[in-house]
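Colleague: Here you go, this is work04.cif (mmCIF, C-alpha atoms; chains and numbers go by the auth columns).
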data_entry
#
loop_
_atom_site.group_PDB
_atom_site.id
_atom_site.type_symbol
_atom_site.label_atom_id
_atom_site.label_comp_id
_atom_site.label_asym_id
_atom_site.label_seq_id
_atom_site.Cartn_x
_atom_site.Cartn_y
_atom_site.Cartn_z
_atom_site.B_iso_or_equiv
_atom_site.auth_seq_id
_atom_site.auth_asym_id
ATOM 1 C CA MET A 1 55.754 256.910 106.476 0.00 521 V
ATOM 2 C CA ALA A 2 53.232 259.471 105.188 0.00 522 V
ATOM 3 C CA ASN A 3 54.483 262.334 103.009 0.00 523 V
ATOM 4 C CA ASP A 4 57.924 260.791 102.442 0.00 524 V
ATOM 5 C CA VAL A 5 58.480 262.483 99.075 0.00 525 V
ATOM 6 C CA THR A 6 61.710 260.658 98.203 0.00 526 V
ATOM 7 C CA GLY A 7 60.046 257.392 99.158 0.00 527 V
ATOM 8 C CA GLN A 8 57.099 258.289 96.940 0.00 528 V
ATOM 9 C CA VAL A 9 59.434 258.841 93.986 0.00 529 V
ATOM 10 C CA ILE A 10 61.226 255.536 94.614 0.00 530 V
ATOM 11 C CA ALA A 11 57.941 253.597 94.751 0.00 531 V
ATOM 12 C CA LEU A 12 56.564 255.448 91.711 0.00 532 V
ATOM 13 C CA ALA A 13 59.767 254.723 89.773 0.00 533 V
ATOM 14 C CA ALA A 14 59.225 251.044 90.566 0.00 534 V
ATOM 15 C CA VAL A 15 55.704 251.257 89.113 0.00 535 V
ATOM 16 C CA PHE A 16 57.136 252.766 85.932 0.00 536 V
ATOM 17 C CA GLN A 17 59.898 250.156 85.805 0.00 537 V
ATOM 18 C CA PHE A 18 57.509 247.231 86.064 0.00 538 V
ATOM 19 C CA ALA A 19 55.212 248.797 83.451 0.00 539 V
ATOM 20 C CA ASN A 20 58.206 249.220 81.154 0.00 540 V
ATOM 21 C CA LEU A 21 59.144 245.562 81.649 0.00 541 V
ATOM 22 C CA VAL A 22 55.572 244.508 80.805 0.00 542 V
ATOM 23 C CA GLU A 23 55.902 246.358 77.517 0.00 543 V
ATOM 24 C CA GLN A 24 59.289 244.769 76.801 0.00 544 V
ATOM 25 C CA LEU A 25 57.979 241.278 77.549 0.00 545 V
ATOM 26 C CA ALA A 26 54.872 241.681 75.432 0.00 546 V
ATOM 27 C CA LYS A 27 56.831 242.949 72.433 0.00 547 V
ATOM 28 C CA SER A 28 60.052 240.916 72.627 0.00 548 V
ATOM 29 C CA GLY A 29 59.286 237.949 74.887 0.00 549 V
ATOM 30 C CA HIS A 30 62.239 238.719 77.166 0.00 550 V
ATOM 31 C CA VAL A 31 63.406 241.093 79.899 0.00 551 V
ATOM 32 C CA PRO A 32 66.787 241.396 81.665 0.00 552 V
ATOM 33 C CA PRO A 33 66.901 238.704 84.393 0.00 553 V
ATOM 34 C CA SER A 34 68.385 241.113 86.948 0.00 554 V
ATOM 35 C CA GLU A 35 65.513 243.595 86.561 0.00 555 V
ATOM 36 C CA PHE A 36 62.972 240.795 86.717 0.00 556 V
ATOM 37 C CA GLU A 37 64.502 239.553 89.971 0.00 557 V
ATOM 38 C CA VAL A 38 64.149 243.047 91.478 0.00 558 V
ATOM 39 C CA MET A 39 60.428 242.781 90.758 0.00 559 V
ATOM 40 C CA VAL A 40 60.066 239.396 92.489 0.00 560 V
ATOM 41 C CA ASN A 41 62.120 240.426 95.507 0.00 561 V
ATOM 42 C CA SER A 42 59.965 243.547 95.943 0.00 562 V
ATOM 43 C CA LEU A 43 56.916 241.333 96.371 0.00 563 V
ATOM 44 C CA PHE A 44 58.650 239.273 99.038 0.00 564 V
ATOM 45 C CA SER A 45 60.099 242.220 100.977 0.00 565 V
ATOM 46 C CA GLN A 46 58.893 241.994 104.569 0.00 566 V
ATOM 47 C CA ASN A 47 59.108 244.887 107.068 0.00 567 V
ATOM 48 C CA PRO A 48 61.781 246.948 105.269 0.00 568 V
ATOM 49 C CA ASP A 49 63.613 249.666 107.211 0.00 569 V
ATOM 50 C CA ASN A 50 62.914 252.150 104.414 0.00 570 V
ATOM 51 C CA THR A 51 61.381 252.333 100.954 0.00 571 V
ATOM 52 C CA LEU A 52 64.632 251.689 99.109 0.00 572 V
ATOM 53 C CA ASP A 53 65.145 248.412 100.986 0.00 573 V
ATOM 54 C CA VAL A 54 62.120 247.022 99.123 0.00 574 V
ATOM 55 C CA TYR A 55 64.107 247.211 95.876 0.00 575 V
ATOM 56 C CA GLY A 56 67.622 246.574 97.191 0.00 576 V
ATOM 57 C CA LYS A 57 69.449 249.707 96.049 0.00 577 V
ATOM 58 C CA VAL A 58 68.778 252.717 93.890 0.00 578 V
ATOM 59 C CA SER A 59 70.680 251.343 90.874 0.00 579 V
ATOM 60 C CA HIS A 60 68.130 248.516 90.731 0.00 580 V
ATOM 61 C CA LEU A 61 65.560 251.141 89.726 0.00 581 V
ATOM 62 C CA GLU A 62 67.604 252.926 87.061 0.00 582 V
ATOM 63 C CA LEU A 63 65.202 251.875 84.297 0.00 583 V
ATOM 64 C CA GLY A 64 62.204 253.053 86.296 0.00 584 V
ATOM 65 C CA LEU A 65 63.786 256.382 87.165 0.00 585 V
ATOM 66 C CA ARG A 66 64.646 257.030 83.517 0.00 586 V
ATOM 67 C CA THR A 67 61.142 256.059 82.434 0.00 587 V
ATOM 68 C CA LEU A 68 59.549 258.250 85.102 0.00 588 V
ATOM 69 C CA ILE A 69 61.692 261.251 84.168 0.00 589 V
ATOM 70 C CA ASP A 70 61.052 260.856 80.437 0.00 590 V
ATOM 71 C CA SER A 71 57.328 260.456 81.032 0.00 591 V
ATOM 72 C CA LEU A 72 56.968 263.508 83.276 0.00 592 V
ATOM 73 C CA LYS A 73 59.052 265.566 80.873 0.00 593 V
ATOM 74 C CA ARG A 74 56.687 264.338 78.154 0.00 594 V
ATOM 75 C CA LYS A 75 59.476 263.177 75.875 0.00 595 V
ATOM 76 C CA PRO A 76 57.989 261.953 72.576 0.00 596 V
ATOM 77 C CA SER A 77 60.155 258.813 72.695 0.00 597 V
ATOM 78 C CA ARG A 78 58.238 257.480 75.683 0.00 598 V
ATOM 79 C CA SER A 79 55.846 254.707 74.688 0.00 599 V
ATOM 80 C CA THR A 80 52.145 255.309 75.176 0.00 600 V
ATOM 81 C CA ASP A 81 51.738 251.612 76.065 0.00 601 V
ATOM 82 C CA CYS A 82 53.991 251.999 79.101 0.00 602 V
ATOM 83 C CA ILE A 83 52.094 255.083 80.285 0.00 603 V
ATOM 84 C CA ARG A 84 48.790 253.262 79.789 0.00 604 V
ATOM 85 C CA TYR A 85 50.021 250.373 81.925 0.00 605 V
ATOM 86 C CA VAL A 86 51.088 252.797 84.663 0.00 606 V
ATOM 87 C CA MET A 87 47.667 254.450 84.670 0.00 607 V
ATOM 88 C CA GLY A 88 45.986 251.049 84.758 0.00 608 V
ATOM 89 C CA ILE A 89 48.171 249.930 87.671 0.00 609 V
ATOM 90 C CA LEU A 90 47.312 253.064 89.667 0.00 610 V
ATOM 91 C CA HIS A 91 43.611 252.569 88.941 0.00 611 V
ATOM 92 C CA LEU A 92 43.689 248.917 90.055 0.00 612 V
ATOM 93 C CA GLN A 93 45.581 249.864 93.208 0.00 613 V
ATOM 94 C CA LYS A 94 42.786 252.268 94.097 0.00 614 V
ATOM 95 C CA ARG A 95 40.211 249.528 93.508 0.00 615 V
ATOM 96 C CA LEU A 96 42.202 247.059 95.584 0.00 616 V
ATOM 97 C CA GLN A 97 42.366 249.408 98.567 0.00 617 V
ATOM 98 C CA LYS A 98 38.576 249.160 98.842 0.00 618 V
ATOM 99 C CA HIS A 99 38.817 245.381 99.406 0.00 619 V
ATOM 100 C CA PRO A 100 40.665 244.775 102.711 0.00 620 V
ATOM 101 C CA ASN A 101 39.731 241.092 102.744 0.00 621 V
ATOM 102 C CA MET A 102 41.359 240.657 99.342 0.00 622 V
ATOM 103 C CA LEU A 103 44.473 242.443 100.593 0.00 623 V
ATOM 104 C CA ASN A 104 44.688 240.046 103.540 0.00 624 V
ATOM 105 C CA PHE A 105 44.206 237.065 101.221 0.00 625 V
ATOM 106 C CA ILE A 106 46.977 238.365 98.959 0.00 626 V
ATOM 107 C CA GLY A 107 49.286 238.704 101.961 0.00 627 V
ATOM 108 C CA LEU A 108 48.722 235.080 102.972 0.00 628 V
ATOM 109 C CA ARG A 109 49.273 233.795 99.449 0.00 629 V
ATOM 110 C CA LEU A 110 52.424 235.897 99.076 0.00 630 V
ATOM 111 C CA GLU A 111 53.893 234.344 102.199 0.00 631 V
ATOM 112 C CA LYS A 112 53.372 230.869 100.701 0.00 632 V
ATOM 113 C CA SER A 113 55.060 231.991 97.477 0.00 633 V
ATOM 114 C CA ARG A 114 57.958 233.439 99.463 0.00 634 V
ATOM 115 C CA GLN A 115 58.446 230.105 101.218 0.00 635 V
ATOM 116 C CA GLN A 116 58.299 228.360 97.855 0.00 636 V
ATOM 117 C CA SER A 117 61.010 230.672 96.526 0.00 637 V
ATOM 118 C CA GLU A 118 63.341 229.456 99.272 0.00 638 V
ATOM 119 C CA HIS A 119 63.103 225.904 97.904 0.00 639 V
ATOM 120 C CA PHE A 120 63.566 226.935 94.270 0.00 640 V
ATOM 121 C CA SER A 121 64.711 230.471 93.436 0.00 641 V
ATOM 122 C CA PRO A 122 62.834 233.802 93.316 0.00 642 V
ATOM 123 C CA THR A 123 62.565 233.689 89.505 0.00 643 V
ATOM 124 C CA HIS A 124 61.843 229.951 89.116 0.00 644 V
ATOM 125 C CA ASP A 125 58.918 229.215 86.799 0.00 645 V
ATOM 126 C CA ASN A 126 56.966 227.605 89.667 0.00 646 V
ATOM 127 C CA VAL A 127 57.341 230.728 91.819 0.00 647 V
ATOM 128 C CA ILE A 128 56.393 233.083 88.980 0.00 648 V
ATOM 129 C CA GLY A 129 53.440 230.845 88.146 0.00 649 V
ATOM 130 C CA GLY A 130 52.292 231.085 91.766 0.00 650 V
ATOM 131 C CA LEU A 131 52.530 234.871 91.730 0.00 651 V
ATOM 132 C CA ALA A 132 50.606 234.973 88.454 0.00 652 V
ATOM 133 C CA ASP A 133 47.905 232.800 90.030 0.00 653 V
ATOM 134 C CA ILE A 134 47.549 235.238 92.941 0.00 654 V
ATOM 135 C CA TYR A 135 47.020 238.058 90.456 0.00 655 V
ATOM 136 C CA SER A 136 44.507 236.004 88.452 0.00 656 V
ATOM 137 C CA ASP A 137 42.549 234.921 91.534 0.00 657 V
ATOM 138 C CA THR A 138 42.280 238.423 92.986 0.00 658 V
ATOM 139 C CA ILE A 139 43.007 241.557 90.978 0.00 659 V
ATOM 140 C CA SER A 140 41.969 239.998 87.666 0.00 660 V
ATOM 141 C CA THR A 141 38.454 239.534 89.047 0.00 661 V
ATOM 142 C CA PHE A 142 37.830 243.302 88.893 0.00 662 V
ATOM 143 C CA SER A 143 35.740 244.508 85.971 0.00 663 V
ATOM 144 C CA PHE A 144 38.610 246.764 84.865 0.00 664 V
ATOM 145 C CA ARG A 145 41.548 244.912 83.364 0.00 665 V
ATOM 146 C CA ILE A 146 44.777 246.111 81.820 0.00 666 V
ATOM 147 C CA GLN A 147 44.906 245.205 78.136 0.00 667 V
ATOM 148 C CA VAL A 148 48.497 244.289 77.302 0.00 668 V
ATOM 149 C CA MET A 149 49.506 244.906 73.699 0.00 669 V
ATOM 150 C CA GLY A 150 52.343 243.045 72.015 0.00 670 V
ATOM 151 C CA GLU A 151 53.352 240.262 69.662 0.00 671 V
ATOM 152 C CA TYR A 152 50.833 237.426 69.545 0.00 672 V
ATOM 153 C CA GLN A 153 53.512 234.700 69.531 0.00 673 V
ATOM 154 C CA HIS A 154 54.918 236.026 72.802 0.00 674 V
ATOM 155 C CA LEU A 155 51.634 236.720 74.574 0.00 675 V
ATOM 156 C CA GLN A 156 50.458 233.154 73.868 0.00 676 V
ATOM 157 C CA GLN A 157 53.411 231.634 75.728 0.00 677 V
ATOM 158 C CA PRO A 158 52.447 230.572 79.296 0.00 678 V
ATOM 159 C CA ARG A 159 55.862 231.681 80.588 0.00 679 V
ATOM 160 C CA VAL A 160 55.469 235.192 79.188 0.00 680 V
ATOM 161 C CA ALA A 161 51.834 235.445 80.313 0.00 681 V
ATOM 162 C CA ASN A 162 52.808 234.477 83.871 0.00 682 V
ATOM 163 C CA GLN A 163 55.704 236.922 83.915 0.00 683 V
ATOM 164 C CA ILE A 164 53.442 239.738 82.729 0.00 684 V
ATOM 165 C CA ARG A 165 50.889 238.995 85.449 0.00 685 V
ATOM 166 C CA ALA A 166 53.655 238.900 88.065 0.00 686 V
ATOM 167 C CA LEU A 167 55.002 242.259 86.860 0.00 687 V
ATOM 168 C CA LEU A 168 51.568 243.871 86.965 0.00 688 V
ATOM 169 C CA PHE A 169 51.076 242.424 90.441 0.00 689 V
ATOM 170 C CA ALA A 170 54.389 243.901 91.597 0.00 690 V
ATOM 171 C CA GLY A 171 53.458 247.215 90.008 0.00 691 V
ATOM 172 C CA ILE A 172 50.236 247.315 92.008 0.00 692 V
ATOM 173 C CA ARG A 173 52.062 246.404 95.219 0.00 693 V
ATOM 174 C CA SER A 174 54.493 249.277 94.587 0.00 694 V
ATOM 175 C CA ALA A 175 51.525 251.561 93.910 0.00 695 V
ATOM 176 C CA VAL A 176 50.097 250.538 97.302 0.00 696 V
ATOM 177 C CA LEU A 177 53.401 251.538 98.906 0.00 697 V
ATOM 178 C CA TRP A 178 53.400 254.812 96.955 0.00 698 V
ATOM 179 C CA ARG A 179 49.919 255.636 98.319 0.00 699 V
ATOM 180 C CA GLN A 180 50.950 254.725 101.880 0.00 700 V
ATOM 181 C CA LEU A 181 53.836 257.182 101.585 0.00 701 V
ATOM 182 C CA GLY A 182 51.457 259.984 100.638 0.00 702 V
ATOM 183 C CA GLY A 183 51.483 259.703 96.845 0.00 703 V
ATOM 184 C CA SER A 184 48.479 260.583 94.693 0.00 704 V
ATOM 185 C CA ARG A 185 47.717 261.209 91.034 0.00 705 V
ATOM 186 C CA LEU A 186 46.984 264.849 91.834 0.00 706 V
ATOM 187 C CA LYS A 187 50.452 265.229 93.346 0.00 707 V
ATOM 188 C CA ILE A 188 52.016 263.832 90.172 0.00 708 V
ATOM 189 C CA ILE A 189 50.343 266.655 88.264 0.00 709 V
ATOM 190 C CA MET A 190 50.851 269.435 90.799 0.00 710 V
ATOM 191 C CA GLN A 191 54.387 268.470 91.837 0.00 711 V
ATOM 192 C CA ARG A 192 55.691 267.215 88.505 0.00 712 V
ATOM 193 C CA ASN A 193 58.829 269.378 88.475 0.00 713 V
ATOM 194 C CA ALA A 194 59.718 268.508 92.068 0.00 714 V
ATOM 195 C CA ILE A 195 59.280 264.799 91.354 0.00 715 V
ATOM 196 C CA VAL A 196 61.527 265.073 88.290 0.00 716 V
ATOM 197 C CA LYS A 197 64.258 266.798 90.328 0.00 717 V
ATOM 198 C CA ILE A 198 64.203 264.089 92.992 0.00 718 V
ATOM 199 C CA ALA A 199 64.173 261.359 90.347 0.00 719 V
ATOM 200 C CA GLU A 200 67.142 262.961 88.564 0.00 720 V
ATOM 201 C CA LYS A 201 69.075 263.112 91.842 0.00 721 V
ATOM 202 C CA LEU A 202 68.307 259.438 92.497 0.00 722 V
ATOM 203 C CA LEU A 203 69.369 258.584 88.956 0.00 723 V
ATOM 204 C CA GLU A 204 72.736 260.243 89.561 0.00 724 V
ATOM 205 C CA GLU A 205 73.091 258.142 92.718 0.00 725 V
ATOM 206 C CA ALA A 206 72.270 255.046 90.659 0.00 726 V
ATOM 207 C CA LYS A 207 75.012 255.938 88.159 0.00 727 V
ATOM 208 C CA GLN A 208 77.525 256.379 90.981 0.00 728 V
ATOM 209 C CA GLU A 209 76.590 252.963 92.386 0.00 729 V
ATOM 210 C CA GLN A 210 77.236 251.417 89.001 0.00 730 V
ATOM 211 C CA LEU A 211 80.751 252.879 88.985 0.00 731 V
ATOM 212 C CA HIS A 212 81.686 251.308 92.320 0.00 732 V
#
As structure tokens, how would this structure be written, given the file I've shared?

Modeller:
Amino acid sequence: MANDVTGQVIALAAVFQFANLVEQLAKSGHVPPSEFEVMVNSLFSQNPDNTLDVYGKVSHLELGLRTLIDSLKRKPSRSTDCIRYVMGILHLQKRLQKHPNMLNFIGLRLEKSRQQSEHFSPTHDNVIGGLADIYSDTISTFSFRIQVMGEYQHLQQPRVANQIRALLFAGIRSAVLWRQLGGSRLKIIMQRNAIVKIAEKLLEEAKQEQLH
């Protein structure tokens, strides 16, 4: 799996997508249900044949690919909040890798949540609440925490708070995959143009999928 550059871009696009959805939730209180379901399913993906299988198909990551491309091209329209969430996710992933016992604990808890999703649905409030609890019991115990900015009336809602935690959790899981495939922050800087080209090619594939 190491040094799979296309796989790295797919996983990194997922990180950007989930960060984008965090920003949307915090500011509007809602995200598209289909994109939210992609996030949940990525957490429950077990032994995929390839990186794309984690997210279903490339069109499921269209938002993330667009966000990644805009960010690496430094387009002024790209929100600084989204970029800050991405950087925070990558930092927490690095911290998490130093705690193998926590990773094992997360794996066990995720399996219970996956079983729960079979009785309800992947996006049921009980399932999302369980995923949020995993995040709170593990990653949230680190001294570094991602400060989510948004509208107070949305952030105070338990539903929105749980969804945000679940999205951050999924972002960190995708960052773990990105690292396993050979990704690093240095490579983002040194190989920015190459990453953009691959992301643009994947985005074209996503558009073609939408047409069929």

Colleague: Could you tell me which of V:Leu675, V:Thr643, V:Val535, V:Ser637 comes closest to Leu585 in chain V if we count all atoms listed in the file?

Modeller: V:Val535

Colleague: For range 702-710 of chain V, list every protein, DNA or RNA residue within 12 Å, evaluated using only C-alpha atoms, and leave out those in the same chain fewer than 4 positions away; present the list as a ChimeraX atom specification.

Modeller: /V:521-533,588-589,591-593,606-607,609-611,613-614,694-698,714-716

Colleague: What's around range 650-660 of chain V at 7 Å? Count all atoms listed in the file, leave out sequence neighbours fewer than 6 positions away in its own chain, and write the answer as a VMD selection string.

Modeller: chain V and resid 622 626 629 633 682 685 to 686 689

Colleague: Could those selected residues go to a file with C-alpha atoms, as an mmCIF file, keeping the file's coordinate frame?

Modeller:
data_model
loop_
_atom_site.group_PDB
_atom_site.id
_atom_site.type_symbol
_atom_site.label_atom_id
_atom_site.label_comp_id
_atom_site.auth_asym_id
_atom_site.auth_seq_id
_atom_site.Cartn_x
_atom_site.Cartn_y
_atom_site.Cartn_z
ATOM 1 C CA MET V 622 41.359 240.657 99.342
ATOM 2 C CA ILE V 626 46.977 238.365 98.959
ATOM 3 C CA ARG V 629 49.273 233.795 99.449
ATOM 4 C CA SER V 633 55.060 231.991 97.477
ATOM 5 C CA ASN V 682 52.808 234.477 83.871
ATOM 6 C CA ARG V 685 50.889 238.995 85.449
ATOM 7 C CA ALA V 686 53.655 238.900 88.065
ATOM 8 C CA PHE V 689 51.076 242.424 90.441
#

Colleague: Taking all atoms listed in the file into account, name the residue in V:Gly576, V:Gly549, V:Pro568, V:Gly608 that is nearest to Gln667 in chain V.

Modeller: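 Of V:Gly576, V:Gly549, V:Pro568, V:Gly608, the one nearest Gln667 in chain V is V:Gly608, counting all atoms listed in the file.
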
Colleague: What does the distance between CA of Glu638 in chain V and CA of Met559 in chain V come to in Å, to one decimal place?

Modeller: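 Interatomic distance here is 16.1 Å.
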
Colleague: Go through the shown structure with the PyMOL selection byres ((chain V and resi 558) around 9) and write out the matching residues as a compact mmCIF listing (two decimals) with C-alpha atoms, keeping the file's coordinate frame.

Modeller:
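Saved as part.txt:
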# COMPACT_ATOMS: atom_id res chain seq x y z
CA PRO V 553 66.90 238.70 84.39
CA SER V 554 68.39 241.11 86.95
CA GLU V 555 65.51 243.60 86.56
CA PHE V 556 62.97 240.80 86.72
CA GLU V 557 64.50 239.55 89.97
CA MET V 559 60.43 242.78 90.76
CA VAL V 560 60.07 239.40 92.49
CA ASN V 561 62.12 240.43 95.51
CA SER V 562 59.96 243.55 95.94
CA LEU V 563 56.92 241.33 96.37
CA VAL V 574 62.12 247.02 99.12
CA TYR V 575 64.11 247.21 95.88
CA GLY V 576 67.62 246.57 97.19
CA HIS V 580 68.13 248.52 90.73
CA LEU V 581 65.56 251.14 89.73

Colleague: Would you please work out which residue, of V:Gly670, V:Gly584, V:Pro678, V:Gly627, is nearest to Gln544 in chain V when using all atoms listed in the file?

Modeller: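 Counting all atoms listed in the file, the residue closest to Gln544 in chain V is V:Gly670.
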
Colleague: Which residue is closest to His644 in chain V? Choose from V:Gln683, V:Asn570, V:Gln700, V:Gln617 and count all atoms listed in the file.

Modeller: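 Residue with the minimum atom-to-atom distance to His644 in chain V: V:Gln683.
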
Colleague: What gap, in Å, lies between CA of Leu541 in chain V and CA of Gln728 in chain V?

Modeller: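 Result for CA of Leu541 in chain V versus CA of Gln728 in chain V: 23.3 Å, one decimal.
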
Colleague: Restricting the calculation to only C-alpha atoms, which member of V:Ile648, V:Val578, V:Ile692, V:Leu701 is positioned closest to Tyr605 in chain V?

Modeller: V:Ile692

Colleague: Quick one, how far is CA of Ala539 in chain V from CA of Asn713 in chain V?

Modeller: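 Separating CA of Ala539 in chain V from CA of Asn713 in chain V is a distance of 21.5 Å.
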
Colleague: From the options V:Glu543, V:Ile666, V:Thr600, V:Ser565, which residue's atoms come nearest to Arg634 in chain V, counting all atoms listed in the file?

Modeller: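 Closest residue, counting all atoms listed in the file: V:Ser565.
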
Colleague: Ser579 in chain V: which residues within 9 Å, counting all atoms listed in the file, same-chain residues fewer than 2 positions away excluded, as a PDB file with C-alpha atoms, in the frame of the given file?

Modeller:
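Everything below was put into result_12.pdb:
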ATOM      1  CA  GLY V 576      67.622 246.574  97.191  1.00  0.00           C
ATOM      2  CA  LYS V 577      69.449 249.707  96.049  1.00  0.00           C
ATOM      3  CA  LEU V 581      65.560 251.141  89.726  1.00  0.00           C
ATOM      4  CA  GLU V 582      67.604 252.926  87.061  1.00  0.00           C
ATOM      5  CA  LEU V 583      65.202 251.875  84.297  1.00  0.00           C
ATOM      6  CA  LEU V 722      68.307 259.438  92.497  1.00  0.00           C
ATOM      7  CA  LEU V 723      69.369 258.584  88.956  1.00  0.00           C
ATOM      8  CA  GLU V 725      73.091 258.142  92.718  1.00  0.00           C
ATOM      9  CA  ALA V 726      72.270 255.046  90.659  1.00  0.00           C
ATOM     10  CA  LYS V 727      75.012 255.938  88.159  1.00  0.00           C
ATOM     11  CA  GLN V 728      77.525 256.379  90.981  1.00  0.00           C
ATOM     12  CA  GLU V 729      76.590 252.963  92.386  1.00  0.00           C
ATOM     13  CA  GLN V 730      77.236 251.417  89.001  1.00  0.00           C
TER      14      GLN V 730
END
